[in-house]
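Content type compact mmCIF, C-alpha atoms, from the file work-v5.txt:
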```txt
# COMPACT_ATOMS: atom_id res chain seq x y z
CA MET K 1 107.00 4.21 -152.45
CA ILE K 2 107.14 1.62 -155.22
CA HIS K 3 106.64 -2.05 -154.40
CA GLU K 4 109.45 -4.35 -155.44
CA SER K 5 107.06 -6.51 -157.49
CA VAL K 6 106.17 -3.71 -159.93
CA VAL K 7 107.15 -4.40 -163.55
CA PHE K 8 108.23 -1.38 -165.62
CA GLY K 9 108.67 -0.98 -169.36
CA LYS K 10 111.17 1.32 -171.04
CA ASN K 11 111.32 5.11 -170.69
CA VAL K 12 108.87 5.47 -167.80
CA ILE K 13 108.91 9.02 -166.38
CA PHE K 14 108.00 9.57 -162.71
CA GLY K 15 106.87 12.64 -160.78
CA GLU K 16 107.29 13.08 -157.04
CA ASN K 17 105.52 11.33 -154.12
CA ILE K 18 104.24 8.38 -156.17
CA ILE K 19 102.77 5.25 -154.56
CA ILE K 20 102.65 2.08 -156.68
CA GLU K 21 101.39 -1.06 -154.96
CA GLU K 22 102.21 -4.72 -155.60
CA ASN K 23 101.97 -6.52 -158.93
CA VAL K 24 101.35 -3.43 -161.04
CA VAL K 25 102.51 -3.71 -164.66
CA ILE K 26 103.48 -0.53 -166.54
CA GLY K 27 104.31 -0.44 -170.25
CA ASP K 28 106.80 1.59 -172.28
CA ASN K 29 106.90 5.40 -172.55
CA VAL K 30 104.49 6.01 -169.68
CA LYS K 31 104.41 9.40 -167.89
CA ILE K 32 103.25 9.49 -164.26
CA GLY K 33 102.64 12.86 -162.58
CA ASN K 34 103.14 14.00 -159.01
CA ASN K 35 101.25 12.45 -156.06
CA VAL K 36 99.73 9.62 -158.12
CA THR K 37 98.57 6.40 -156.42
CA ILE K 38 98.36 3.19 -158.46
CA LYS K 39 96.66 0.36 -156.54
CA ALA K 40 97.60 -3.32 -156.61
CA ASN K 41 97.42 -5.39 -159.83
CA THR K 42 96.65 -2.46 -162.15
CA LYS K 43 97.75 -3.02 -165.77
CA ILE K 44 98.94 0.00 -167.77
CA GLY K 45 99.79 -0.13 -171.47
CA ASN K 46 102.29 1.78 -173.59
CA GLY K 47 102.26 5.54 -174.08
CA VAL K 48 99.86 6.24 -171.21
CA GLN K 49 99.86 9.65 -169.47
CA ILE K 50 98.68 9.89 -165.85
CA ASN K 51 98.51 13.41 -164.46
CA ASP K 52 98.91 14.76 -160.93
CA LEU K 53 96.92 13.53 -157.91
CA SER K 54 95.00 10.74 -159.65
CA ILE K 55 94.14 7.41 -157.99
CA LEU K 56 94.01 4.33 -160.22
CA GLY K 57 92.55 0.93 -159.32
CA LYS K 58 90.62 2.05 -156.23
CA GLY K 59 88.61 -0.59 -154.39
CA THR K 60 84.91 -0.31 -153.54
CA SER K 61 83.27 0.47 -150.20
CA THR K 62 79.77 0.55 -148.69
CA ASN K 63 77.70 1.25 -145.57
CA LYS K 64 74.63 -0.31 -143.90
CA LYS K 65 72.09 1.77 -145.82
CA MET K 66 73.37 1.03 -149.29
CA ALA K 67 70.87 -1.32 -150.95
CA ARG K 68 73.07 -2.30 -153.88
CA LYS K 69 76.31 -3.56 -152.42
CA PRO K 70 79.34 -2.96 -154.65
CA SER K 71 81.10 -5.83 -156.34
CA ASN K 72 83.86 -7.60 -154.41
CA SER K 73 85.62 -8.64 -157.62
CA ALA K 74 89.39 -8.43 -157.45
CA ASP K 75 89.77 -7.97 -161.22
CA PRO K 76 92.22 -5.15 -161.87
CA LEU K 77 91.95 -1.84 -163.62
CA VAL K 78 93.25 -2.27 -167.17
CA ILE K 79 94.41 0.76 -169.15
CA GLU K 80 95.30 0.11 -172.78
CA ASP K 81 97.83 2.01 -174.93
CA ASP K 82 97.83 5.80 -175.44
CA VAL K 83 95.23 6.59 -172.78
CA ILE K 84 95.42 10.06 -171.15
CA ILE K 85 94.16 10.52 -167.58
CA GLY K 86 93.81 14.05 -166.20
CA CYS K 87 94.51 15.47 -162.74
CA ASN K 88 92.52 14.43 -159.64
CA CYS K 89 90.80 11.49 -161.34
CA VAL K 90 89.57 8.42 -159.43
CA ILE K 91 89.25 5.24 -161.48
CA TYR K 92 88.15 2.03 -159.79
CA ARG K 93 89.30 -1.54 -160.33
CA THR K 94 87.40 -3.78 -162.78
CA VAL K 95 87.44 -0.92 -165.29
CA LEU K 96 88.72 -1.28 -168.85
CA LEU K 97 89.88 1.85 -170.67
CA LYS K 98 90.53 0.92 -174.28
CA LYS K 99 93.16 2.39 -176.56
CA GLY K 100 93.18 6.16 -176.97
CA VAL K 101 90.63 7.03 -174.27
CA PHE K 102 90.85 10.52 -172.76
CA VAL K 103 89.69 11.11 -169.17
CA GLY K 104 89.44 14.78 -168.14
CA ASP K 105 90.43 16.35 -164.81
CA LEU K 106 88.31 15.58 -161.72
CA SER K 107 86.43 12.68 -163.32
CA SER K 108 85.49 9.42 -161.62
CA ILE K 109 84.82 6.03 -163.22
CA ARG K 110 83.27 3.36 -161.00
CA GLU K 111 83.77 -0.42 -161.11
CA ASN K 112 82.61 -2.75 -163.90
CA VAL K 113 82.79 -0.08 -166.59
CA THR K 114 84.22 -0.38 -170.11
CA VAL K 115 85.10 2.71 -172.13
CA GLY K 116 85.63 2.06 -175.85
CA MET K 117 88.50 3.13 -178.10
CA ASP K 118 89.14 6.88 -178.59
CA SER K 119 86.24 7.96 -176.38
CA ILE K 120 86.34 11.16 -174.34
CA ILE K 121 85.24 11.35 -170.71
CA GLY K 122 85.18 15.09 -170.08
CA ARG K 123 86.14 17.17 -167.07
CA ASN K 124 84.22 16.42 -163.84
CA VAL K 125 82.20 13.56 -165.36
CA ILE K 126 80.85 10.76 -163.13
CA VAL K 127 80.45 7.30 -164.70
CA GLU K 128 78.70 4.87 -162.36
CA ASN K 129 79.14 1.10 -162.19
CA LYS K 130 77.99 -1.58 -164.64
CA THR K 131 77.98 0.81 -167.57
CA THR K 132 79.30 0.22 -171.07
CA ILE K 133 80.50 3.07 -173.28
CA GLY K 134 81.28 2.43 -176.93
CA LYS K 135 83.91 3.73 -179.34
CA ARG K 136 84.43 7.40 -180.22
CA VAL K 137 81.88 8.59 -177.67
CA THR K 138 82.10 12.16 -176.34
CA ILE K 139 80.78 12.91 -172.85
CA GLN K 140 81.35 16.56 -172.09
CA THR K 141 81.97 18.47 -168.86
CA GLY K 142 79.85 17.77 -165.80
CA CYS K 143 77.73 14.87 -167.07
CA TYR K 144 76.31 12.21 -164.75
CA ILE K 145 76.26 8.76 -166.36
CA THR K 146 74.20 6.44 -164.18
CA ALA K 147 74.81 2.77 -163.38
CA ASP K 148 73.46 0.00 -165.63
CA MET K 149 73.61 2.16 -168.75
CA ILE K 150 74.56 1.28 -172.33
CA ILE K 151 76.03 3.93 -174.63
CA GLU K 152 76.78 2.73 -178.16
CA ASP K 153 79.45 4.03 -180.56
CA GLU K 154 79.78 7.68 -181.66
CA VAL K 155 77.26 9.10 -179.18
CA PHE K 156 77.60 12.74 -178.09
CA PHE K 157 76.58 14.12 -174.68
CA GLY K 158 76.67 17.89 -174.23
CA PRO K 159 77.71 19.43 -170.90
CA CYS K 160 75.80 18.73 -167.67
CA CYS K 161 73.49 15.97 -168.92
CA SER K 162 71.98 13.70 -166.27
CA THR K 163 70.71 10.13 -166.44
CA SER K 164 68.90 7.85 -163.97
CA ASN K 165 68.30 4.13 -163.50
CA ASP K 166 65.69 3.83 -160.72
CA LYS K 167 62.16 4.81 -161.72
CA TYR K 168 60.79 4.78 -158.16
CA MET K 169 63.79 6.36 -156.41
CA GLY K 170 64.86 3.75 -153.91
CA MET K 171 61.56 1.94 -153.29
CA GLY K 172 63.14 -1.37 -154.30
CA ASN K 173 60.41 -2.33 -156.79
CA PHE K 174 62.22 -1.52 -160.04
CA GLU K 175 65.00 -3.51 -161.69
CA HIS K 176 67.71 -0.94 -162.17
CA GLN K 177 68.27 -0.03 -165.80
CA GLY K 178 69.73 3.16 -167.12
CA PRO K 179 68.97 4.60 -170.55
CA ILE K 180 70.18 2.80 -173.66
CA VAL K 181 71.62 5.30 -176.13
CA LYS K 182 72.02 3.93 -179.63
CA LYS K 183 74.77 4.62 -182.13
CA GLY K 184 75.22 8.20 -183.30
CA ALA K 185 72.64 9.79 -180.99
CA LYS K 186 73.27 13.36 -179.80
CA ILE K 187 72.16 14.61 -176.40
CA GLY K 188 72.03 18.40 -175.87
CA ASN K 189 73.27 20.40 -172.88
CA ASN K 190 71.47 19.78 -169.56
CA ALA K 191 69.16 17.12 -170.97
CA ILE K 192 67.72 14.53 -168.53
CA LEU K 193 67.20 10.90 -169.55
CA LEU K 194 64.91 8.80 -167.34
CA PRO K 195 65.38 5.09 -166.52
CA ALA K 196 65.17 2.31 -169.12
CA ILE K 197 64.31 4.52 -172.09
CA ILE K 198 65.87 3.88 -175.50
CA ILE K 199 67.34 6.76 -177.50
CA GLY K 200 67.32 5.58 -181.11
CA GLU K 201 70.17 5.67 -183.63
CA ASN K 202 71.13 9.13 -184.94
CA SER K 203 68.38 10.79 -182.93
CA ILE K 204 68.73 14.21 -181.29
CA VAL K 205 67.68 15.25 -177.79
CA GLY K 206 67.42 19.03 -177.51
CA ALA K 207 69.11 21.06 -174.80
CA GLY K 208 67.25 20.95 -171.49
CA ALA K 209 64.81 18.23 -172.62
CA VAL K 210 63.40 15.77 -170.06
CA VAL K 211 63.02 12.48 -171.91
CA ILE K 212 60.45 10.14 -170.31
CA LYS K 213 59.88 7.64 -173.13
CA ASP K 214 61.68 6.04 -176.06
CA VAL K 215 62.91 8.21 -178.92
CA PRO K 216 62.70 6.66 -182.41
CA SER K 217 65.78 6.54 -184.61
CA ASN K 218 66.52 9.65 -186.70
CA LYS K 219 64.02 11.79 -184.75
CA THR K 220 64.40 14.92 -182.59
CA VAL K 221 62.80 15.52 -179.19
CA VAL K 222 62.64 18.81 -177.30
CA GLY K 223 61.01 20.22 -174.18
CA ASN K 224 59.73 19.02 -170.80
CA PRO K 225 58.38 16.44 -171.12
CA GLY K 226 60.23 15.61 -174.31
CA ARG K 227 58.07 15.68 -177.46
CA LEU K 228 58.84 14.82 -181.07
CA LEU K 229 59.36 17.57 -183.58
CA ASN K 230 57.40 17.10 -186.80
```
Turn this file's structure into structure tokens for me.
Amino acid sequence: MIHESVVFGKNVIFGENIIIEENVVIGDNVKIGNNVTIKANTKIGNGVQINDLSILGKGTSTNKKMARKPSNSADPLVIEDDVIIGCNCVIYRTVLLKKGVFVGDLSSIRENVTVGMDSIIGRNVIVENKTTIGKRVTIQTGCYITADMIIEDEVFFGPCCSTSNDKYMGMGNFEHQGPIVKKGAKIGNNAILLPAIIIGENSIVGAGAVVIKDVPSNKTVVGNPGRLLN
């Protein structure tokens, strides 16, 4: 099921049971796996690989309880050249995946997110809305990247890290702000970063640390609560 308005480049390879909605643009040498859905207005560059069962350009939804209503922006999902998207991924509209990004199987990227050039979003990673990820960032398996977060270039997240953006957990008295992780910082496995803290440039957060306050540049924190090593 491919809408007649879809624009294809050269040498596009299709799997089976594909749905491509209206006004999608697909570049040259793109590979699309089986049972892929590409929603309206999505823009896909050259050399992109989209693996089985992924949904690209999904719209937002809500219910009565949700305090922060999702954006109604109609801006499309834009995927630049040489991006690889794994199986069973869900990527929303108003996302920009820059050149060379890798998205692992089972990952989800919410609306109003930018992922910088050559970054890796690992298997089963969740990236929430209004988050910016820089260039050459690695986010390994099972991480939760909260909304309203800034991750600068060349940051490393080990597996199963968790971040948060609401200090008082739904009370409505805190302006949502996720952690800000500066260039070159390294976050160890299973670390937890609390809202609005700043992780300084080239700093290290040890595995399992719970970081409740800012970490200076070029320093290491470990433990629960996180404390500086001498």
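Rounded to one decimal, CA of Lys39 in chain K and CA of Ile20 in chain K lie 6.2 Å from each other.
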Please compute the CA of Asn41 in chain K-CA of Ser61 in chain K distance, one decimal, in Å.
18.1 Å
Any idea what's packed within 9 Å of Leu96 in chain K, counting only C-alpha atoms, ignoring anything in its chain fewer than 2 positions away? Could you give it as a PDB file with C-alpha atoms, in the frame of the given file?
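What follows is the written file part38.pdb:
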```
ATOM      1  CA  PRO K  76      92.220  -5.150-161.870  1.00  0.00           C
ATOM      2  CA  LEU K  77      91.950  -1.840-163.620  1.00  0.00           C
ATOM      3  CA  VAL K  78      93.250  -2.270-167.170  1.00  0.00           C
ATOM      4  CA  ILE K  79      94.410   0.760-169.150  1.00  0.00           C
ATOM      5  CA  GLU K  80      95.300   0.110-172.780  1.00  0.00           C
ATOM      6  CA  ARG K  93      89.300  -1.540-160.330  1.00  0.00           C
ATOM      7  CA  THR K  94      87.400  -3.780-162.780  1.00  0.00           C
ATOM      8  CA  LYS K  98      90.530   0.920-174.280  1.00  0.00           C
ATOM      9  CA  ASN K 112      82.610  -2.750-163.900  1.00  0.00           C
ATOM     10  CA  VAL K 113      82.790  -0.080-166.590  1.00  0.00           C
ATOM     11  CA  THR K 114      84.220  -0.380-170.110  1.00  0.00           C
ATOM     12  CA  VAL K 115      85.100   2.710-172.130  1.00  0.00           C
ATOM     13  CA  GLY K 116      85.630   2.060-175.850  1.00  0.00           C
TER      14      GLY K 116
END
```
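Between CA of Asp75 in chain K and CA of Cys87 in chain K the interatomic distance comes to 24.0 Å.
Counting all atoms listed in the file, the residue from K:Val181, K:Val95, K:Ile84, K:Leu106 that sits nearest to Asp118 in chain K is K:Ile84.
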At most 9 Å from (96.9, 7.9, -169.5), file frame, only C-alpha atoms: which residues, as a PyMOL selection string?
chain K and resi 30-32+44-45+47-51+79-86+100-103
Using only C-alpha atoms, tabulate the residues of range 146-230 of chain K lying at most 9 Å from any atom of range 120-129 of chain K, each with its closest atom pair and that distance in Å to one decimal, by chain and increasing residue number, as CSV.
```
residue,atom,partner,partner_atom,distance
K:Thr146,CA,K:Glu128,CA,5.1
K:Ala147,CA,K:Glu128,CA,4.5
K:Asp148,CA,K:Asn129,CA,6.7
K:Met149,CA,K:Glu128,CA,8.6
K:Pro159,CA,K:Gly122,CA,8.7
K:Cys160,CA,K:Val125,CA,8.5
```
Leaving out Ile212 in chain K and any residue of its chain fewer than 5 positions from it, which residues lie within 10 Å of it when counting all atoms listed in the file, given as an mmCIF file with C-alpha atoms, in the frame of the given file?
```cif
data_model
loop_
_atom_site.group_PDB
_atom_site.id
_atom_site.type_symbol
_atom_site.label_atom_id
_atom_site.label_comp_id
_atom_site.auth_asym_id
_atom_site.auth_seq_id
_atom_site.Cartn_x
_atom_site.Cartn_y
_atom_site.Cartn_z
ATOM 1 C CA ILE K 192 67.720 14.530 -168.530
ATOM 2 C CA LEU K 193 67.200 10.900 -169.550
ATOM 3 C CA LEU K 194 64.910 8.800 -167.340
ATOM 4 C CA PRO K 195 65.380 5.090 -166.520
ATOM 5 C CA ALA K 196 65.170 2.310 -169.120
ATOM 6 C CA ILE K 197 64.310 4.520 -172.090
ATOM 7 C CA ILE K 198 65.870 3.880 -175.500
ATOM 8 C CA ASN K 224 59.730 19.020 -170.800
ATOM 9 C CA PRO K 225 58.380 16.440 -171.120
ATOM 10 C CA GLY K 226 60.230 15.610 -174.310
ATOM 11 C CA ARG K 227 58.070 15.680 -177.460
#
```
Fewer than 3 positions away in the same chain doesn't count, so skip those; otherwise give me all residues within 10 Å of Ser203 in chain K, counting only C-alpha atoms, as a PyMOL selection string.
chain K and resi 155+181-187+199-200+206+215-221
Report, as JSON, the axis-aligned box around all atoms of range 5-9 of chain K present in the file, extended by 4 Å on each side; give centre and edge lengths in Å to one decimal place.
```
{"center_x": 107.4, "center_y": -3.7, "center_z": -163.4, "size_x": 10.5, "size_y": 13.5, "size_z": 19.9}
```
Could you tell me, as an MDAnalysis selection string, which residues have any atom at most 10 Å from (74.0, 17.1, -169.3), counting only C-alpha atoms?
chainID K and resid 125 139:145 157:163 187:193 207:209
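For the set K:Leu229, K:Val90, K:Ile2, K:Ala74, the residue with the smallest atom-to-atom gap to Lys58 in chain K is K:Val90, counting only C-alpha atoms.
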Nearest to Arg110 in chain K among K:Thr60, K:Asn34, K:Ser54, K:Asn173, with distances taken over all atoms listed in the file: which residue is it?
K:Thr60
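Among the candidates K:Glu175, K:Asn202, K:Glu152, K:Ile26, the residue lying nearest to Ile13 in chain K is K:Ile26 (atoms considered: all atoms listed in the file).
The shortest atom-to-atom distance to Ser107 in chain K, with only C-alpha atoms taken into account, belongs to K:Leu56 out of K:Leu56, K:Val137, K:Ile150, K:Ile180.
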